[in-house]
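Novice: Mind having a look at this structure? Questions to follow.
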Amino acid sequence: MTTYYDEVQELKQRYPDRRSAVLPALRLAQAKHGHLSTDALRECAEAIGTTPAYCEAVASFYDMFHLAPVGRHLVEVCTNISCALVGARQVLEAFEQELDVTAGETTEDGAVTLRPIECLGGCGWATIVAVDHGYRTHVQPDDVPGIVQELRDGD
Amino acid sequence: MSTPETVTLTIDGVSVEVPRGTGLVEAALAAGIEIPVFCYEPRLGAPVGACRMCLCQVEPGPPKPQAACTLTAQDGMVVRTALTSPVAAEAQNATLEFILVNHPLDCPVCDKGGECPLQDLTFRYGPGNTRMTFPKRTFEKPIPVSPLIALDRERCILCYRCTRFSEVVAEDGQLVAVNRGAGSMIATFDDEPYRAPFSGNVVELCPVGALTSTTYRFEARPWEIQDVPTVCGMCPVGCNVNATTREGKVKRILSRNHPEVDDGWLCDKGRFAYGHLHAQDRLRDPLLRVRRRGFEEVSWERALDEAERLLREAAGRIVTALSGSETVEQAYALAKLLRQGLDAHAAVFCEEISDALDAFRVPLSAIRDADLVAVLGDAPVVERAPIVDLWIKDARRRGARVLHELDEGAVQSADRAILVWCGPGGHGGATVAALAQRLGAAGAFYLPETANGRGVCDAWAAAADVEPTNPEPTNPEPIGLLIVSGDEAAANPDVRALAEQAERVLVVSMFHGVAAGWADLVLPGTSYLERDGTYVNLEGRVQRLRRAVIPPAPDELAWLSKLAERFGVEIQPYPSAVFEEVSGIAFGGIPFGEIGERTPLPAATTEPAAAAVEAPPPAAAADGGLRLVRYRALFSGPAVERIPELQFQRPRPEIELAEADARSRSIRGGDEITIRSNGTSVRLRARLSRELRAGVLRVPEEYAGDLQPTVEIQT
Amino acid sequence: MATDSKRIVLAGVDEHDLTKLADYESIGGYSALTKARAMTPQAVTDEVIASELRGRGGAFFPTGRKWSFVPKPDQNPNPHYLVVNADESEPGSFKDNEIMARVPHRFFEGCLIAAHAVESRHIFVYIRGEYTGPYEVLVSALEELETRPDLRGDVTIVVHRGAGAYICGEETALLESLEGKRGQPRTKPPFPAVQGLYASPTVVNNVETLATVPAIIELGGAEYAKLGVPDSRGTRVVSISGHVERPGNYEIENGLSMRELIYGLGGGIPNGRTLKAVIPGGSSTVILRGDEIDVGYDFTSLLKLNTAMGSAGVIALDDRCCMVQLGIRVSEFYEHESCGKCTPCREGTRWMTQILRRLESGEAVQSELDLLLDVCDRINGKCLCPLGETAAIAVASYVDKFRAEFQAHIDEAGCPFGDSSPLHDVPAPVSLHASSPAAAEFV
Ligand SMILES: Cc1cc2nc3c(=O)[nH]c(=O)nc-3n(C[C@H](O)[C@H](O)[C@H](O)COP(=O)(O)O)c2cc1C
Ligand code: SF4
Ligand code: FES
């Protein structure tokens with residue numbers, strides 16, 4: 001079994017400078033720990049050969065890293081212009097209702113975190129909802145219960 | 001007119017010629033014009049152009065204002081600052097308005113008030129009133145970044161000076177910016193303290209009151225203080241400092257930037273250890289041992305009578321143990337009394353010092369320009385002479401190879417190789433001088449353990465009224481009187497062993513308790529911040545100490561002069577007079593008055609002193625064991641022990657070992673391991689080092705117990 | 001996509017599965033690479049110069065000229081890098097998404113030709129982290145390519161994923177991010193061509209730019225330059241979104257009229273509504289009123305209207321849309337995406353949002369409208385990189401073009417559109433980061 005440490009060593013090989021592996025190493029750590037806890041950041045720092053503070057500085061710059069705990073599933077609704085124009089707010093509200101959370105929160109059972117997100121680069125297929133990073137296109141409020149059910153069934 | 005080495009440009013109509021490569025900010029200064037800056041600080045590496053305070057109109061170039069701090073002067077450039085360009089003036093005003101949008105207007109209660117660049121620039125260029133009617137960004141404040149440093153995030157203007165220092169200069173990677181955009185803030189990881197030898201510099205770098213020192217907070221206002229230019233006495237580098245005083249007390253230590261010595265940086269020991277002046281157990285009166293009852297405070301008259309009696313009774317069978325922290329003048333006065341007045345020549349120096357190095361004398365800043373730096377001797381540089389570590393890091397960033405062992409071929413083929421000896425052995429630098437000679441190095445340093453070891457040795461030698469004795473005077477048997485001059489000597493185990501054999505012991509010490517139980521007479525000592533005189537640093541630079549505050553007891557020179565009188569030896573109680581006397585013998589006759597605020601380095605001697613070439617010790621000990629290097633940690637010693645805020649910087653119970661040694665024994669960083677030698681053993685956490693040679697272990701003195709120089713790791 | 005006016009980059013996508021190497025080769029794929037490798041690097045660069053190709057990432061810089069700035073290996077012995085900007089995060093743009101997903105091999109072919117031209121043996125593709133779909137397509141295309149040393153040659157290609165930061169599309173921020181740092185832009189000069197990735201000579205090009213290169217080599221630069229209009233040669237993949245019947249990506253010959261884009265290709269405005277405004281080139285461009293669209297979609301024509309093609313993201317807004325609400329959403333986006341390095345952008349975008357929110361809520365007084373414009377003005381031209389400046393320019397253009405509407409918010413002490421505007425009260429993004437660390441006592 002390859003450990004996190006070993007995987008990061010391999011990542012480092014791809015780049016002329018080991019520090020370039022920080023982003024992929026953080027992504028791996030997040031996958032392993034669910035979010036970038038202080039332990040996850042320490043582990044990443046150790047594997048890269050830098051300080052945990054450095055890893056936190058980098059991680060907290062990027063929206064895809066979670067420095068606070070998140071649900072097992074992530075539902076991200078694009079609320080930028082093009083999606084908003086065709087009803088992103090209504091889609092987001094439908095998720096809020098269906099999941100009984102406010103945007104930015106995690107369901108009580110820790111299953112799903114819901115958040116609005118900036119333009120996902122699918123404006124022509126709006127509204128875009130990224131469910132565990134997979135894009136759903138043309139999402140309408142009516143589609144929301146089905147998506148939530150899918151997540152619950154998958155658990 | 002420009003030459004191949006210079007360029008000529010016009011700034012606000014003033015034509016100025018500057019060396020090629022000069023930054024615009026400096027070029028403007030040369031023309032007598034100030035371009036205001038916040039983020040720009042050349043010592044922090046390449047400019048970042050973040051704050052936008054320096055916007056100017058520059059031709060040729062795009063029509064919009066340019067960040068002057070990121071540009072270098074070019075021939076024919078026409079620069080217009082806020083003084084002559086409405087565009088630049090509007091830009092500066094805009095930047096200030098944006099900075100102030102979220103900056104609290106709390107100057108009256110801010111510790112930076114009165115010496116704050118933001119406050120000053122706001123008065124000069126800023127908007128008269130605020131148009132910002134929204135709630136400002138708020139943060140919990142102030143929060144401790146460490147026991148030494150407080151952070152007020154609301155005042156932070158995100159110039160990134162502090163984080164750049166941590167990342168680029170000290171390379172400790174501990175103080176960082178987290179989050180993005182308007183949510184960005186300065187932080188340490190998981191609220192852990194910023195624990196690194198140079199952390200305090202960020203307080204001086206911060207252009208606003210965001211980072212302040214906990215030891216200075218609310219202690220004084222700029223108009224109540226006086227800065228005394230002096231030199232740090234905590235290590236052999238001798239950083240140039242200003243001691244800020246208020247009502248006769250030292251309130252803080254700031255850098256006074258000697259570009260050849262310290263480049264404006266200080267270590268936390270030099271910056272924060274001044275509190276030892278006010279230690280609870282500071283000695284103010286002489287102490288005399290009274291039978292078994294311990295010490296009794298006595299008057300100075302009585303103390304001098306006792307000292308005279310001790311000196312006379314010993315009838316020349318005297319040994320003097322020196323600390324290496326005495327000023328040249330004190331050491332000379334003591335030596336003159338003993339050597340000329342009492343014919344007592346035996347002395348114990350804290351360390352050996354050789355003048356063979358004078359032939360390879362270069363300023364510390366030469367390290368930065370080296371293409372190869374070989375650090376020999378196996379002790380950690382940062383613990384002995386911290387600033388030297390920063391110079392070496394700077395060299396590495398500029399592309400120099402930094403070796404931690406002797407690769408003779410590499411040294412010989414380098415253009416500008418610098419050798420640095422840090423560790424046991426080395427004969428006070430004679431070994432490294434000989435190596436430099438043989439390998440053609442451009443410069444060589446020996447890092448002594450004491451602040452003025454060189455000056456003290458020179459002064460002691462200068463006071464010999466006889467031809468230099470050969471062989472060296474040996475200790476009398478039995479020792480009639482042991483004189484222990486200063487706390488470092490008192491803490492030295494070898495000196496303590498001598499004290500056991502001596503019939504009588506006289507100690508000069510700053511603190512109660514140091515000499516309890518083994519001294520017959522204790523005279524109160526003074527600190528470098530309370531003295532006037534000179535120190536000789538590790539480069540061989542004679543630097544001037546100025547008395548920042550009056551000591552609580554007469555200083556050493558004062559009572560030495562009185563004591564000497566009783567033996568018919570004439571010693572002036574004035575450092576200037578004493579120095580003139582020593583200078584003629586030891587320092588080429590430089591007059592006291594000529595040791596300015598920033599002393600130049602004397603030229604290297606041309607004739608290298610003959611010294612036997614000796615290889616540095618091999619990494620592994622002869623019998624296959626590992627070689628143990630014990631070192632005095634930077635954050636240790638009598639002064640540090642007395643500063644509560646510095647305790648978190650004390651060394652951790654760790655042993656450093658080379659990655660290769662760890663790997664071959666399957667030891668990982670953080671593992672507890674046992675080191676043993678000759679029946680004693682010590683259990684410590686392992687820390688892996690990329691610098692250490694295989695076969696060598698390093699442990700701070702306080703955790704090394706009775707371990708011998710050759711040890712093995714029990715697995 | 002049947003109505004695309006001209007296909008170069010997306011040629012063949014409807015007829016073939018061009019994600020497969022074999023299919024791509026069956027329509028002549030990778031022959032341009034073979035042809036280019038038989039030419040000298042200089043000759044390849046010359047062809048691209050002749051094509052008058054300009055970068056498709058937004059800045060529209062002539063591609064061949066950019067390549068010619070790279071020092072020759074004997075002038076700078078450091079490794080040379082080709083870095084692909086696949087960070088596409090500009091609101092309104094989704095063209096690179098489709099290009100990577102559908103013609104990955106044409107894209108890689110372009111990369112390999114460019115690498116040959118600038119004598120680089122290291123290609124990094126920086127793809128935005130959210131693009132998992134295109135990422136997987138690239139990875140499998142790359143796996144196929146790895147089995148063909150005759151095509152890949154001695155060039156290594158690393159696909160590097162971003163992690164959610166619009167600013168990393170700015171080329172120097174991208175390089176910082178690729179070096180494992182916070183993605184904050186660097187000051188220029190030095191330019192990447194001289195000191196880019198790892199301080200070595202580096203070319204940064206957009207996905208579409210590179211995906212165009214094989215056609216240029218195949219057709220010859222002069223032939224390619226016959227397409228389009230002066231200053232805007234060739235084709236462009238345009239992303240159309242918002243209030244149109246048929247949103248999507250359309251490859252057009254540069255210079256096509258915007259009316260044709262919206263009413264022809266886009267199918268017009270749905271639900272019988274009228275066109276109020278058009279954002280012509282992604283959220284960072286100056287807005288056009290609905291009556292300003294009789295203009296060619298090309299650099300020069302749009303410049304006459306003080307706007308630009310930018311990243312070719314055309315967003316149509318119908319008559320229900322409130323321009324103050326649009327301002328809030330756009331300003332919030334830039335505030336959220338500001339890297340925090342330079343003062344005017346970090347503080348100014350936040351301030352802009354605050355003023356706009358007051359305008360929308362009807363609390364603002366007259367002077368605040370001027371203040372908004374003044375804040376925009378004070379950001380503009382003072383920033384370290386274009387992010388803050390484009391935010392200011394875009395928002396100021398909403399006021400400029402729809403001043404009466406902004407005024408109405410003050411006069412009527414509230415929003416005349418309210419809930420009927422689709423942009424009403426759209427929540428801004430949330431970062432899933434821990435909040436400010438709590439104070440701890442160390443002493
Ligand atoms: C804030 C900002 C965001 C940018 N985002 C992108 C982007 O997502 N993709 C892109 O190709 N170029 C983007 N650019 C432009 C790049 O800086 C750069 O000009 C481009 O990648 C060069 O490639 P090209 O010459 O092929 O167009 C952005 C620029 C700025 C200032
Ligand atoms: S704390 Fe001070 S030095 Fe650090 S970024 Fe803020 S203002 Fe600058
Ligand atoms: S001083 Fe030039 S941008 Fe800060």
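Naming scheme: A, B, ... for chains in displayed order of the structure tokens; residues 1 onward per chain; ligands 1 onward as shown.
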Write out as a PyMOL selection string all residues of chain A that backbone DSSP assigns to helix (DSSP H, G or I).
Specialist: chain A and resi 4-13+18-33+38-48+52-59+81-85+88-99+123-125+141-154
Novice: Output C-alpha atoms of each residue in that selection to a file, as a PDB file, in the first residue's frame.
Specialist:
```pdb
ATOM      1  CA  TYR A   4       0.224   9.577   1.400  1.00  0.00           C
ATOM      2  CA  TYR A   5       3.872  10.423   1.927  1.00  0.00           C
ATOM      3  CA  ASP A   6       4.972   8.162  -0.912  1.00  0.00           C
ATOM      4  CA  GLU A   7       2.327   9.488  -3.256  1.00  0.00           C
ATOM      5  CA  VAL A   8       3.495  13.018  -2.637  1.00  0.00           C
ATOM      6  CA  GLN A   9       7.093  12.006  -3.301  1.00  0.00           C
ATOM      7  CA  GLU A  10       5.923  10.759  -6.655  1.00  0.00           C
ATOM      8  CA  LEU A  11       4.079  14.003  -7.362  1.00  0.00           C
ATOM      9  CA  LYS A  12       7.229  15.953  -6.587  1.00  0.00           C
ATOM     10  CA  GLN A  13       9.054  14.063  -9.310  1.00  0.00           C
ATOM     11  CA  ARG A  18       9.198  20.186  -5.295  1.00  0.00           C
ATOM     12  CA  ARG A  19       7.041  23.088  -4.170  1.00  0.00           C
ATOM     13  CA  SER A  20       5.001  22.858  -7.344  1.00  0.00           C
ATOM     14  CA  ALA A  21       3.504  19.694  -5.896  1.00  0.00           C
ATOM     15  CA  VAL A  22       1.780  21.616  -3.109  1.00  0.00           C
ATOM     16  CA  LEU A  23      -1.560  21.975  -4.889  1.00  0.00           C
ATOM     17  CA  PRO A  24      -1.858  18.315  -5.899  1.00  0.00           C
ATOM     18  CA  ALA A  25      -0.588  17.278  -2.465  1.00  0.00           C
ATOM     19  CA  LEU A  26      -3.221  19.407  -0.762  1.00  0.00           C
ATOM     20  CA  ARG A  27      -5.884  17.917  -3.009  1.00  0.00           C
ATOM     21  CA  LEU A  28      -4.766  14.421  -1.979  1.00  0.00           C
ATOM     22  CA  ALA A  29      -4.726  15.384   1.685  1.00  0.00           C
ATOM     23  CA  GLN A  30      -8.220  16.806   1.405  1.00  0.00           C
ATOM     24  CA  ALA A  31      -9.445  13.633  -0.246  1.00  0.00           C
ATOM     25  CA  LYS A  32      -7.918  11.619   2.561  1.00  0.00           C
ATOM     26  CA  HIS A  33      -9.114  13.719   5.505  1.00  0.00           C
ATOM     27  CA  THR A  38      -4.464  20.982  10.962  1.00  0.00           C
ATOM     28  CA  ASP A  39      -3.310  17.366  10.913  1.00  0.00           C
ATOM     29  CA  ALA A  40      -3.840  17.187   7.171  1.00  0.00           C
ATOM     30  CA  LEU A  41      -1.843  20.369   6.671  1.00  0.00           C
ATOM     31  CA  ARG A  42       0.949  19.078   8.881  1.00  0.00           C
ATOM     32  CA  GLU A  43       1.072  15.848   6.945  1.00  0.00           C
ATOM     33  CA  CYS A  44       1.204  17.740   3.669  1.00  0.00           C
ATOM     34  CA  ALA A  45       3.986  20.005   4.934  1.00  0.00           C
ATOM     35  CA  GLU A  46       6.025  17.048   6.096  1.00  0.00           C
ATOM     36  CA  ALA A  47       5.669  15.293   2.749  1.00  0.00           C
ATOM     37  CA  ILE A  48       6.507  18.371   0.683  1.00  0.00           C
ATOM     38  CA  PRO A  52       2.382  23.759   7.874  1.00  0.00           C
ATOM     39  CA  ALA A  53       1.964  27.545   7.846  1.00  0.00           C
ATOM     40  CA  TYR A  54       3.054  27.621   4.233  1.00  0.00           C
ATOM     41  CA  CYS A  55       0.530  24.938   3.335  1.00  0.00           C
ATOM     42  CA  GLU A  56      -2.241  26.805   5.085  1.00  0.00           C
ATOM     43  CA  ALA A  57      -1.285  30.045   3.360  1.00  0.00           C
ATOM     44  CA  VAL A  58      -1.563  28.340  -0.005  1.00  0.00           C
ATOM     45  CA  ALA A  59      -4.659  26.276   0.752  1.00  0.00           C
ATOM     46  CA  ILE A  81     -24.354  36.211 -14.157  1.00  0.00           C
ATOM     47  CA  SER A  82     -25.293  33.711 -16.836  1.00  0.00           C
ATOM     48  CA  CYS A  83     -26.646  31.159 -14.391  1.00  0.00           C
ATOM     49  CA  ALA A  84     -28.383  33.834 -12.357  1.00  0.00           C
ATOM     50  CA  LEU A  85     -30.074  35.127 -15.509  1.00  0.00           C
ATOM     51  CA  ALA A  88     -29.759  30.025 -10.359  1.00  0.00           C
ATOM     52  CA  ARG A  89     -31.267  31.672  -7.305  1.00  0.00           C
ATOM     53  CA  GLN A  90     -34.376  29.570  -7.562  1.00  0.00           C
ATOM     54  CA  VAL A  91     -32.261  26.448  -7.955  1.00  0.00           C
ATOM     55  CA  LEU A  92     -30.239  27.366  -4.892  1.00  0.00           C
ATOM     56  CA  GLU A  93     -33.403  28.040  -2.929  1.00  0.00           C
ATOM     57  CA  ALA A  94     -34.789  24.692  -3.971  1.00  0.00           C
ATOM     58  CA  PHE A  95     -31.662  23.029  -2.578  1.00  0.00           C
ATOM     59  CA  GLU A  96     -31.948  25.025   0.619  1.00  0.00           C
ATOM     60  CA  GLN A  97     -35.481  23.829   1.043  1.00  0.00           C
ATOM     61  CA  GLU A  98     -34.817  20.255   0.094  1.00  0.00           C
ATOM     62  CA  LEU A  99     -31.751  19.999   2.349  1.00  0.00           C
ATOM     63  CA  CYS A 123     -22.621  29.427 -18.815  1.00  0.00           C
ATOM     64  CA  GLY A 124     -24.175  28.131 -22.021  1.00  0.00           C
ATOM     65  CA  TRP A 125     -25.652  25.177 -20.198  1.00  0.00           C
ATOM     66  CA  PRO A 141     -35.664  23.854  -9.455  1.00  0.00           C
ATOM     67  CA  ASP A 142     -37.759  20.814 -10.386  1.00  0.00           C
ATOM     68  CA  ASP A 143     -34.611  18.715 -10.790  1.00  0.00           C
ATOM     69  CA  VAL A 144     -33.440  19.397  -7.269  1.00  0.00           C
ATOM     70  CA  PRO A 145     -35.391  16.759  -5.293  1.00  0.00           C
ATOM     71  CA  GLY A 146     -34.109  14.102  -7.688  1.00  0.00           C
ATOM     72  CA  ILE A 147     -30.499  15.169  -7.253  1.00  0.00           C
ATOM     73  CA  VAL A 148     -30.820  15.179  -3.474  1.00  0.00           C
ATOM     74  CA  GLN A 149     -32.479  11.774  -3.520  1.00  0.00           C
ATOM     75  CA  GLU A 150     -29.642  10.451  -5.651  1.00  0.00           C
ATOM     76  CA  LEU A 151     -27.119  11.616  -3.067  1.00  0.00           C
ATOM     77  CA  ARG A 152     -29.087  10.106  -0.212  1.00  0.00           C
ATOM     78  CA  ASP A 153     -29.449   6.810  -2.070  1.00  0.00           C
ATOM     79  CA  GLY A 154     -25.778   6.732  -2.820  1.00  0.00           C
TER      80      GLY A 154
END
```
Novice: Please report, as JSON lines, each residue of chain C lying at most 12 Å from ligand 2, together with the nearest pair of atoms and the separation in Å rounded to one decimal; use only C-alpha atoms and all ligand atoms, and order rows by chain and ascending residue number.
Specialist:
```
{"residue": "C:Gly340", "atom": "CA", "partner": "ligand 2", "partner_atom_place_in_ligand_line": "5 (S)", "distance": 11.0}
{"residue": "C:Lys341", "atom": "CA", "partner": "ligand 2", "partner_atom_place_in_ligand_line": "5 (S)", "distance": 10.0}
{"residue": "C:Cys342", "atom": "CA", "partner": "ligand 2", "partner_atom_place_in_ligand_line": "5 (S)", "distance": 11.4}
{"residue": "C:Thr343", "atom": "CA", "partner": "ligand 2", "partner_atom_place_in_ligand_line": "5 (S)", "distance": 11.5}
```
Novice: Using only C-alpha atoms, which protein or nucleic acid residues come within 8 Å of segment 205-222 of chain C? Drop anything in the same chain fewer than 6 positions from it, and give the result as a ChimeraX atom specification.
Specialist: /C:8-9,30-33,35-36,44,47-57,63,82-86,95-96,99-100,106-111,113-114,237
Novice: So that I can check the surroundings of Glu171 of chain B, please list as a VMD selection string every protein, DNA and RNA residue that reaches within 10 Å of it, counting only C-alpha atoms and ignoring chain neighbours fewer than 5 positions away.
Specialist: chain B and resid 163 to 166 196 198 390 393 to 394
Novice: Any idea what's packed within 10 Å of segment 248-252 of chain C, counting only C-alpha atoms, ignoring anything in its chain fewer than 4 positions away? Could you give it as a ChimeraX atom specification?
Specialist: /A:122-126 /C:1-11,93-99,228,234-242,244,256,261,265-266,297,312-314
Novice: Between B:Cys457, B:Ile186, B:Cys56, B:Leu626, single out the one closest to chain A, counting only C-alpha atoms.
Specialist: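 Of the candidates, the smallest distance to chain A is held by B:Ile186.
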Novice: Among segment 446-537 of chain B, which ones does DSSP place in strand (DSSP E), written as a list of chain:residue names?
Specialist: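 Answer for segment 446-537 of chain B, restricted to strand (DSSP E): B:Tyr446, B:Leu481, B:Leu482, B:Ile483, B:Val484, B:Ser485, B:Arg504, B:Val505, B:Leu506, B:Val507, B:Val508, B:Ser509, B:Leu521, B:Val522, B:Leu523, B:Pro524, B:Gly533, B:Thr534, B:Tyr535, B:Val536.
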Novice: Give the residue list for ligand 3 at 9 Å, counting only C-alpha atoms and all ligand atoms, as an MDAnalysis selection string, sorted by chain and then by residue number.
Specialist: (chainID B and resid 25 35:41 47:55 66:70 159) or (chainID C and resid 342:343 384)
Novice: Quick one: residues within 10 Å of His73 of chain A, only C-alpha atoms counted, chain neighbours fewer than 2 positions away excluded, as a PyMOL selection string?
Specialist: chain A and resi 34+70-71+75-76+106-107+110-114+131-133+151-152+155
